[in-house]
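Colleague: Shown below is the structure under consideration.
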Amino acid sequence: MTPRKGESEVAGPESVSRRSVLATMGALPVLVAAPAALGVLGAPSAAAATAAVVDPSARRQTIRGFGGMNHTLWISDLTPAQRDTAFGNGEGQLGFTVLRIPVHEDRANWSREVATARRAVEHGALVIASPWNPPAHMVETFVRGTQTDAKRLRYDMYGAYAQHLNDFYLFMRDNGVDLYAISVQNEPDYAHDWTWWTPTEMIRFLRENAGSIQTRVIAPESFQYVKSFSDPILNDPAALANVDVLGAHLYGTPFGNFSYPLFKEKGQGKELWMTEVYHPNSSDSADLWPQALDVGEHIHRAMVDGEFQAYLWWYIRRGYGPMREDGRISKRGANMAHFSKFVRPGYVRVDATANPQPNVYTSAYRGGDSTVVIVAVNKGTSPVSQQFTLANTTVSGVSSWVTDATRTLAPQAGGGASNGSFTGELPAQSVTTFVLDVAPPTGGDTEPPTAPGAPSASQVTAGSVTLDWPASTDDVRVAGYDVVRVSGGTETPAASSTTTQATVTGLTAGTAYTFAVYARDAAGNRSPRSATVTITTADASTGTCGVRYRTVDDWGSGFQGEIVVHNTGTAALTGWTLAFTFTAGQTITQMWGGTPAQNGGAVSVTPVAWTSTIPAGGSVTVGFIAGRGGSNPAPSAFTLNGGACTAV
């Protein structure tokens, strides 16, 4: 998204270059009134009699939420009341469940994002973060086409940049906000005003550096859901292993490009998020009706055609956004709220007739065994009596809310249902949400996932082990994995994960353990058990620390190194000192995450403020640049506070 740092607090026209780009992409459609779906007002035509069939047993993606961006440098922060309007779910509130914030290049600005993020978390929202630029000292300029001052991350700063992102995660965590995920770069393919990346550069960072980030990683957040940027990531197993969320922006993206077959093929265990858009433009008032219905259709397409798990707007509060400058919900915001207030995190989209008749768009979501939510957008100029039929399901109650030209999220009188069917009244040019009380469906998904591949173990310490395994497959979707500890004929739950990796903690030093993995789908079907893996935890006498040392990059005369220090003990370590020896004349010239002192080959490292405490079972990462001679052997031993550390 273009920064527009000089934008006034009153929403105005978009910058010329941005609008011209979007216009050429067809992102500024003009609403055309569709032909009436009814022959006579209140008398359904043949088309109106077409039922929308909902199958609650046919599960698709799990919804993470709906939300938007807060950027305190480019516009003012949300007020306390506006935070509650955004993330509360009472009357007159949006019910957002995801907040996106920036990773400022200047650490001095990090604290600006805490207040709104903390309040969002208190309301139960997830928080994600995206960077626009690395710190200035990590960036170099280059010539890119006609742009002579293009910016990119210096190749010798990849490790330092990963540390910068991780430091932001740790800062927010220490201030009460545990980031759900952090992005590598906002719009790396549309970076005239920030930092460019090529797919090759991003793959290198993902392969070599992203693994050190202690929260989920989002990539690539391309401007127009450009598959030529994300395809290489999906096709590179090593890079993909360090991606948790494939993020995309939908500026000007045609509906026909929303689906992503390659992600379905290779993205098992990953999440798919739409992390930024405004639609259809930033010039119209968000209260312009019926144009605001374009937002309802856009979300419908993102959920149904794109199968995204999250949908995030650009600025939450703006004249063209979901919240007006006066802090009240706009008509565009009401379209979002018809999803966000009722389709809550953990709900699963289920099959429904997406376009039962011209200008009518329906999608359905299941919340547990007792709730089904249907969102229906009628862009036609006549009202519609739309029949809905739920397969193999008994409907015991129907509640509904409507937004049209004169009403905003207005509750409607309850309707009746018979034999799993009911008729919903859709006013002309409106969006309606139906919340159904249902009995558990009969039939449905009874096929379990395949068994996961054999797990492998890494980072074995005195008290923990990290397990990885090849993914399972399922006829609908693998929902997660359960790790069990196997002892003879007994199984004990050890960890759960939505990815193909889990860390088991709370183990006893010097003890042999056997683990296996099960997969489960959204219907609760469990796979056969995987093969087992047996490990022996490190002996307590070897100390309470583990160290992983690696060379991130080497250019002959120098290199970039990384040291991950694990606290394998049962108490936090504060004010630590790490010591090791270089044996080939290596000399540290720069370090982040720690402060070095070197005497000949002997090196000691003390922490900086944000790495000063290593929690029990946790770790900190130290990166550095060093000069080197003809060879570059790794240190053979490390001590922490005088005690020997194991290699992990």
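By convention in this document, the chains of the structure tokens carry letters A, B, ... by their order, each chain's residues are numbered from 1, and ligands are numbered from 1 in the order they are shown.
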Leaving out Asn335 of chain A and any residue of its chain fewer than 3 positions from it, which residues lie within 10 Å of it when counting only C-alpha atoms, given as a PyMOL selection string?
Modeller: chain A and resi 94+292-299+322+329-332+338-340+375+377+402-404+408-409+430-433
Colleague: Output N, CA and C atoms for every residue in that selection, as a CSV table (one decimal), in the first residue's frame.
Modeller:
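Printed below is again_23.csv as written:
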```csv
chain,number,residue,atom,x,y,z
A,94,LEU,N,-17.8,-3.3,14.8
A,94,LEU,CA,-17.5,-4.1,13.6
A,94,LEU,C,-17.2,-5.6,13.9
A,292,ALA,N,-21.4,0.5,-2.2
A,292,ALA,CA,-20.8,-0.2,-1.0
A,292,ALA,C,-21.0,-1.7,-1.1
A,293,LEU,N,-22.0,-2.1,-1.8
A,293,LEU,CA,-22.3,-3.6,-1.9
A,293,LEU,C,-21.1,-4.3,-2.7
A,294,ASP,N,-20.3,-3.5,-3.4
A,294,ASP,CA,-19.1,-4.1,-4.1
A,294,ASP,C,-18.2,-4.8,-3.1
A,295,VAL,N,-18.2,-4.2,-1.8
A,295,VAL,CA,-17.4,-4.8,-0.8
A,295,VAL,C,-17.9,-6.2,-0.4
A,296,GLY,N,-19.2,-6.3,-0.2
A,296,GLY,CA,-19.8,-7.5,0.1
A,296,GLY,C,-19.5,-8.6,-0.9
A,297,GLU,N,-19.7,-8.3,-2.2
A,297,GLU,CA,-19.4,-9.2,-3.2
A,297,GLU,C,-17.9,-9.6,-3.2
A,298,HIS,N,-17.0,-8.6,-3.0
A,298,HIS,CA,-15.6,-8.9,-3.0
A,298,HIS,C,-15.2,-9.8,-1.9
A,299,ILE,N,-15.8,-9.7,-0.7
A,299,ILE,CA,-15.5,-10.6,0.4
A,299,ILE,C,-16.0,-12.0,0.0
A,322,PRO,N,-13.9,1.0,6.5
A,322,PRO,CA,-15.0,0.4,7.3
A,322,PRO,C,-15.5,1.3,8.5
A,329,ILE,N,-19.5,3.2,12.1
A,329,ILE,CA,-19.4,2.2,11.0
A,329,ILE,C,-20.0,2.8,9.7
A,330,SER,N,-19.3,2.6,8.6
A,330,SER,CA,-19.7,3.1,7.3
A,330,SER,C,-20.5,2.0,6.6
A,331,LYS,N,-21.1,2.2,5.5
A,331,LYS,CA,-21.8,1.2,4.7
A,331,LYS,C,-20.8,0.1,4.2
A,332,ARG,N,-19.6,0.6,3.8
A,332,ARG,CA,-18.6,-0.5,3.5
A,332,ARG,C,-18.3,-1.3,4.7
A,338,HIS,N,-21.1,-7.8,8.2
A,338,HIS,CA,-22.0,-9.0,8.0
A,338,HIS,C,-21.3,-10.3,8.0
A,339,PHE,N,-20.0,-10.2,7.7
A,339,PHE,CA,-19.1,-11.4,7.9
A,339,PHE,C,-18.5,-11.4,9.3
A,340,SER,N,-17.8,-10.3,9.6
A,340,SER,CA,-16.9,-10.4,10.8
A,340,SER,C,-17.6,-10.5,12.1
A,375,VAL,N,-24.3,-15.7,4.5
A,375,VAL,CA,-24.3,-14.3,4.1
A,375,VAL,C,-24.7,-14.3,2.7
A,377,VAL,N,-25.7,-11.6,-0.5
A,377,VAL,CA,-25.6,-10.3,-1.1
A,377,VAL,C,-26.5,-10.3,-2.3
A,402,VAL,N,-29.9,-7.2,8.4
A,402,VAL,CA,-29.9,-6.7,7.0
A,402,VAL,C,-29.2,-5.3,7.0
A,403,THR,N,-28.5,-5.0,5.9
A,403,THR,CA,-28.1,-3.6,5.6
A,403,THR,C,-28.5,-3.3,4.1
A,404,ASP,N,-29.2,-2.2,4.0
A,404,ASP,CA,-29.5,-1.7,2.7
A,404,ASP,C,-29.4,-0.2,2.7
A,408,THR,N,-28.8,-0.3,8.6
A,408,THR,CA,-27.4,-0.8,8.8
A,408,THR,C,-27.4,-1.8,9.9
A,409,LEU,N,-27.1,-3.1,9.5
A,409,LEU,CA,-27.0,-4.2,10.5
A,409,LEU,C,-28.3,-4.2,11.4
A,430,SER,N,-29.0,-5.2,-1.2
A,430,SER,CA,-28.8,-5.4,0.3
A,430,SER,C,-27.9,-6.5,0.5
A,431,VAL,N,-27.4,-6.6,1.8
A,431,VAL,CA,-26.7,-7.7,2.3
A,431,VAL,C,-27.3,-8.2,3.5
A,432,THR,N,-27.6,-9.5,3.6
A,432,THR,CA,-28.3,-10.1,4.8
A,432,THR,C,-27.5,-11.3,5.3
A,433,THR,N,-27.4,-11.3,6.7
A,433,THR,CA,-26.7,-12.5,7.3
A,433,THR,C,-27.8,-13.2,8.1
```
Colleague: Tell me which protein, DNA and RNA residues are within 9 Å of Trp110 of chain A, counting only C-alpha atoms, leaving out same-chain ones fewer than 4 positions away, and put them as a list in words.
Modeller: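 Residues meeting the cut-off are Pro102, Val103, His104, Glu105, Asp106, Val114, Phe168, Phe171 and Met172 of chain A.
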Colleague: Just to be explicit: take each residue in the selection above, keep C-alpha atoms, and write the result as a short mmCIF file (atom, residue, chain, number, x, y, z; two decimals), in the first residue's frame.
Modeller:
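And here's out-v1.cif as it stands now:
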```cif
data_model
loop_
_atom_site.label_atom_id
_atom_site.label_comp_id
_atom_site.auth_asym_id
_atom_site.auth_seq_id
_atom_site.Cartn_x
_atom_site.Cartn_y
_atom_site.Cartn_z
CA PRO A 102 3.58 -2.02 10.68
CA VAL A 103 7.08 -3.08 11.67
CA HIS A 104 8.65 0.37 11.78
CA GLU A 105 12.23 0.57 10.54
CA ASP A 106 13.06 2.83 13.48
CA VAL A 114 1.24 -1.14 21.41
CA PHE A 168 9.92 -6.69 16.92
CA PHE A 171 9.18 -6.40 21.83
CA MET A 172 5.47 -6.78 21.17
#
```
Colleague: From a DSSP calculation on the backbone, collect every residue of segment 516-601 of chain A in strand (DSSP E) and output the set as number ranges by chain.
Modeller: A: 516-521, 533-536, 545-554, 558-567, 573-574, 578-581, 587-592, 594-599
Colleague: Name all residues at most 9 Å from Asp55 of chain A (count only C-alpha atoms; drop same-chain ones fewer than 4 positions away) and give them as a ChimeraX atom specification.
Modeller: /A:59,350-352,364,389-393,441,444
Colleague: Take the residues from that selection and write them out as an mmCIF file, in the first residue's frame, keeping N, CA and C atoms.
Modeller:
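Saved the output as result_16.cif:
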```cif
data_model
loop_
_atom_site.group_PDB
_atom_site.id
_atom_site.type_symbol
_atom_site.label_atom_id
_atom_site.label_comp_id
_atom_site.auth_asym_id
_atom_site.auth_seq_id
_atom_site.Cartn_x
_atom_site.Cartn_y
_atom_site.Cartn_z
ATOM 1 N N ARG A 59 -16.830 -29.436 4.221
ATOM 2 C CA ARG A 59 -16.011 -28.386 4.820
ATOM 3 C C ARG A 59 -14.936 -27.900 3.858
ATOM 4 N N VAL A 350 -18.432 -23.861 4.439
ATOM 5 C CA VAL A 350 -18.981 -25.102 3.910
ATOM 6 C C VAL A 350 -19.588 -24.831 2.539
ATOM 7 N N ASP A 351 -19.807 -25.883 1.803
ATOM 8 C CA ASP A 351 -20.329 -25.744 0.447
ATOM 9 C C ASP A 351 -21.719 -25.106 0.460
ATOM 10 N N ALA A 352 -21.931 -24.171 -0.449
ATOM 11 C CA ALA A 352 -23.237 -23.552 -0.648
ATOM 12 C C ALA A 352 -23.312 -23.096 -2.095
ATOM 13 N N ALA A 364 -21.640 -19.852 3.042
ATOM 14 C CA ALA A 364 -22.099 -20.421 4.309
ATOM 15 C C ALA A 364 -20.915 -20.885 5.136
ATOM 16 N N THR A 389 -31.780 -24.534 1.440
ATOM 17 C CA THR A 389 -31.969 -25.914 1.874
ATOM 18 C C THR A 389 -30.662 -26.432 2.443
ATOM 19 N N LEU A 390 -30.692 -26.934 3.685
ATOM 20 C CA LEU A 390 -29.504 -27.486 4.327
ATOM 21 C C LEU A 390 -29.552 -29.004 4.229
ATOM 22 N N ALA A 391 -28.534 -29.579 3.604
ATOM 23 C CA ALA A 391 -28.501 -31.018 3.377
ATOM 24 C C ALA A 391 -28.308 -31.764 4.695
ATOM 25 N N ASN A 392 -29.161 -32.774 4.914
ATOM 26 C CA ASN A 392 -29.024 -33.679 6.061
ATOM 27 C C ASN A 392 -28.941 -32.935 7.390
ATOM 28 N N THR A 393 -29.653 -31.819 7.503
ATOM 29 C CA THR A 393 -29.544 -30.977 8.690
ATOM 30 C C THR A 393 -30.927 -30.472 9.088
ATOM 31 N N PRO A 441 -25.304 -32.458 11.777
ATOM 32 C CA PRO A 441 -25.688 -33.066 10.505
ATOM 33 C C PRO A 441 -25.489 -34.570 10.513
ATOM 34 N N GLY A 444 -22.021 -37.026 5.965
ATOM 35 C CA GLY A 444 -20.893 -36.110 5.884
ATOM 36 C C GLY A 444 -19.572 -36.828 5.788
#
```
Colleague: Please report, as a PyMOL selection string, each residue of segment 62-153 of chain A to which DSSP assigns helix (DSSP H, G or I) when run on this structure's backbone.
Modeller: chain A and resi 80-87+107-122+136-138
Colleague: Filtering to N, CA and C atoms, could you give me those residues as a tab-separated table (two decimals), in the first residue's frame?
Modeller:
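What ended up in result_24.tsv:
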```
chain	number	residue	atom	x	y	z
A	80	PRO	N	-9.30	5.29	22.04
A	80	PRO	CA	-9.82	4.15	22.82
A	80	PRO	C	-11.22	3.74	22.41
A	81	ALA	N	-12.10	4.69	22.15
A	81	ALA	CA	-13.46	4.34	21.73
A	81	ALA	C	-13.47	3.67	20.37
A	82	GLN	N	-12.61	4.15	19.47
A	82	GLN	CA	-12.55	3.56	18.13
A	82	GLN	C	-11.97	2.15	18.17
A	83	ARG	N	-11.06	1.88	19.08
A	83	ARG	CA	-10.54	0.52	19.23
A	83	ARG	C	-11.67	-0.44	19.59
A	84	ASP	N	-12.53	0.00	20.49
A	84	ASP	CA	-13.65	-0.85	20.88
A	84	ASP	C	-14.66	-1.00	19.74
A	85	THR	N	-14.87	0.07	18.96
A	85	THR	CA	-15.76	-0.03	17.80
A	85	THR	C	-15.20	-1.03	16.79
A	86	ALA	N	-13.90	-1.02	16.60
A	86	ALA	CA	-13.28	-1.92	15.63
A	86	ALA	C	-13.33	-3.37	16.09
A	87	PHE	N	-12.95	-3.63	17.34
A	87	PHE	CA	-12.72	-5.02	17.77
A	87	PHE	C	-13.76	-5.55	18.75
A	107	ARG	N	13.28	1.59	15.57
A	107	ARG	CA	12.79	0.97	16.80
A	107	ARG	C	12.12	1.97	17.74
A	108	ALA	N	12.51	3.21	17.64
A	108	ALA	CA	11.93	4.22	18.53
A	108	ALA	C	10.43	4.37	18.33
A	109	ASN	N	9.92	3.92	17.18
A	109	ASN	CA	8.49	4.05	16.89
A	109	ASN	C	7.69	2.80	17.24
A	110	TRP	N	8.36	1.74	17.67
A	110	TRP	CA	7.65	0.49	17.92
A	110	TRP	C	6.57	0.65	18.98
A	111	SER	N	6.85	1.42	20.00
A	111	SER	CA	5.90	1.55	21.11
A	111	SER	C	4.60	2.22	20.68
A	112	ARG	N	4.62	2.93	19.55
A	112	ARG	CA	3.40	3.62	19.08
A	112	ARG	C	2.28	2.63	18.77
A	113	GLU	N	2.63	1.40	18.42
A	113	GLU	CA	1.63	0.43	17.98
A	113	GLU	C	1.06	-0.40	19.12
A	114	VAL	N	1.59	-0.23	20.32
A	114	VAL	CA	1.24	-1.14	21.41
A	114	VAL	C	-0.20	-0.96	21.88
A	115	ALA	N	-0.65	0.27	22.10
A	115	ALA	CA	-1.94	0.50	22.76
A	115	ALA	C	-3.11	-0.13	21.99
A	116	THR	N	-3.18	0.15	20.68
A	116	THR	CA	-4.28	-0.42	19.90
A	116	THR	C	-4.14	-1.93	19.78
A	117	ALA	N	-2.90	-2.41	19.59
A	117	ALA	CA	-2.70	-3.86	19.48
A	117	ALA	C	-3.10	-4.57	20.77
A	118	ARG	N	-2.74	-3.99	21.89
A	118	ARG	CA	-3.07	-4.62	23.17
A	118	ARG	C	-4.60	-4.66	23.37
A	119	ARG	N	-5.27	-3.57	22.99
A	119	ARG	CA	-6.73	-3.56	23.15
A	119	ARG	C	-7.38	-4.57	22.21
A	120	ALA	N	-6.85	-4.71	20.99
A	120	ALA	CA	-7.38	-5.71	20.07
A	120	ALA	C	-7.25	-7.11	20.67
A	121	VAL	N	-6.09	-7.38	21.26
A	121	VAL	CA	-5.87	-8.69	21.88
A	121	VAL	C	-6.85	-8.90	23.03
A	122	GLU	N	-7.09	-7.87	23.80
A	122	GLU	CA	-8.05	-7.99	24.91
A	122	GLU	C	-9.44	-8.35	24.41
A	136	ALA	N	17.59	1.66	7.97
A	136	ALA	CA	18.30	2.32	6.87
A	136	ALA	C	19.68	1.74	6.63
A	137	HIS	N	20.38	1.33	7.69
A	137	HIS	CA	21.75	0.84	7.50
A	137	HIS	C	21.79	-0.53	6.82
A	138	MET	N	20.65	-1.19	6.70
A	138	MET	CA	20.60	-2.50	6.05
A	138	MET	C	20.27	-2.39	4.56
```
